[in-house]
Amino acid sequence: MPQQAKLLTVLQNRVVNRLGSNEALPVNIRLICATNLPLHELANEHRFRRDLVYRINTVEITIPPLRDRQEDILPLAQHFIKLYSEKYLKPSLSISRQAIEKLKLYHYPGNIRELQYAIERAVIMCEGKTLDADDVVFSPIEKHQAQVQEQGQTNLETLEKNTIIRVVEKHNGNITKAAKELGLTRTALYRRLSKYDI
């Protein structure tokens, strides 16, 4: 809280005093702040000074979570693929259609960081020149959460999951053939694969 008072003074007066000096130096800055908390929660006097929130909240930009921005998933994934291909000295990697589908169907509770780490892991583990759906593995933290939820599943959900596993195995992982036998579209089958973490 004392630091917040000092920051507010700097923002209002546009001057700072260097440590150990009494001379006021003018500053010309743009301050960009980010939070994943709603502003009404942030601006309670026990955590964050309300007058500071008012001062820094001149222009507010709300960015929806990644799961609500499907069109951003592929460009971000390609950016991370390029970044980590260079970092880990891998050849320029492409991404398969199945991997793209898997990325688009995931719900990203960990937002962009979860996508970033999933792509980094995929690049490290990839042995060819193309990232496949099998290379894309999401956070074990979220996987554990899904397993906990699965314990409360109804018998119908368990039956659906087991049927999907059996049919996919029967067709050796061929999603098109499995979807056809199950009477689903490929997208609907991928959605269920993601739902049941298959």
# chains A, B, ... in the order shown; residues from 1 in each chain; ligands from 1

$ select_by_dssp --residues "chain A" --states "alpha helix (DSSP H)" --output "ChimeraX atom specification"
/A:2-13,39-42,50-56,70-87,97-105,111-125,140-150,155-170,175-182,186-195

$ residues_around --residues "region 117-129 of chain A" --least-positions-apart "2" --cutoff "9 Å" --atoms "only C-alpha atoms" --output "list in words"
Ala77, Gln78, Phe80, Ile81, Leu83, Tyr84, Ser85, Tyr88, Lys90, Pro91, Ser92, Leu93, Ser94, Ile95, Ile112, Arg113, Glu114, Leu115, Leu131, Asp132, Asp134, Asp135, Val136, Val137, Phe138 and Ser139 of chain A

$ residues_around --residues "region 60-75 of chain A" --least-positions-apart "4" --cutoff "8 Å" --atoms "only C-alpha atoms" --output "list in words"
His79, Ile100, Leu103, Lys104, Tyr106, His107, Tyr108, Asn111 and Ile112 of chain A

$ residues_around --residues "Met1 (chain A)" --least-positions-apart "5" --cutoff "9 Å" --atoms "only C-alpha atoms" --output "PDB file with C-alpha atoms, in the first residue's frame"
ATOM      1  CA  LYS A   6       4.134   6.766  -4.063  1.00  0.00           C
ATOM      2  CA  HIS A  46      -7.599  -3.586   1.450  1.00  0.00           C
ATOM      3  CA  ARG A  47      -5.752  -4.651  -1.710  1.00  0.00           C
ATOM      4  CA  PHE A  48      -5.500  -1.690  -4.026  1.00  0.00           C
ATOM      5  CA  ARG A  49      -6.087   2.021  -3.519  1.00  0.00           C
TER       6      ARG A  49
END

$ residues_around --residues "Ile164 (chain A)" --least-positions-apart "5" --cutoff "8 Å" --atoms "only C-alpha atoms" --output "list in words"
Ala178, Leu182 and Leu193 of chain A

$ closest_residue --among "A:Thr158, A:Asn172, A:Asn28, A:Gln12" --to "Lys195 (chain A)" --atoms "only C-alpha atoms"
A:Thr158

$ closest_residue --among "A:Gly183, A:Arg50, A:Ile198, A:Leu8" --to "Arg166 (chain A)" --atoms "only C-alpha atoms"
A:Ile198

$ atom_distance --atom1 "CA of Thr187 (chain A)" --atom2 "CA of Leu105 (chain A)"
8.3 Å

$ closest_residue --among "A:Ala34, A:Ile175, A:Thr163, A:Thr9" --to "Glu101 (chain A)" --atoms "only C-alpha atoms"
A:Ile175

$ closest_residue --among "A:Leu189, A:Asn17, A:Val27, A:Asn36" --to "Val168 (chain A)" --atoms "only C-alpha atoms"
A:Leu189
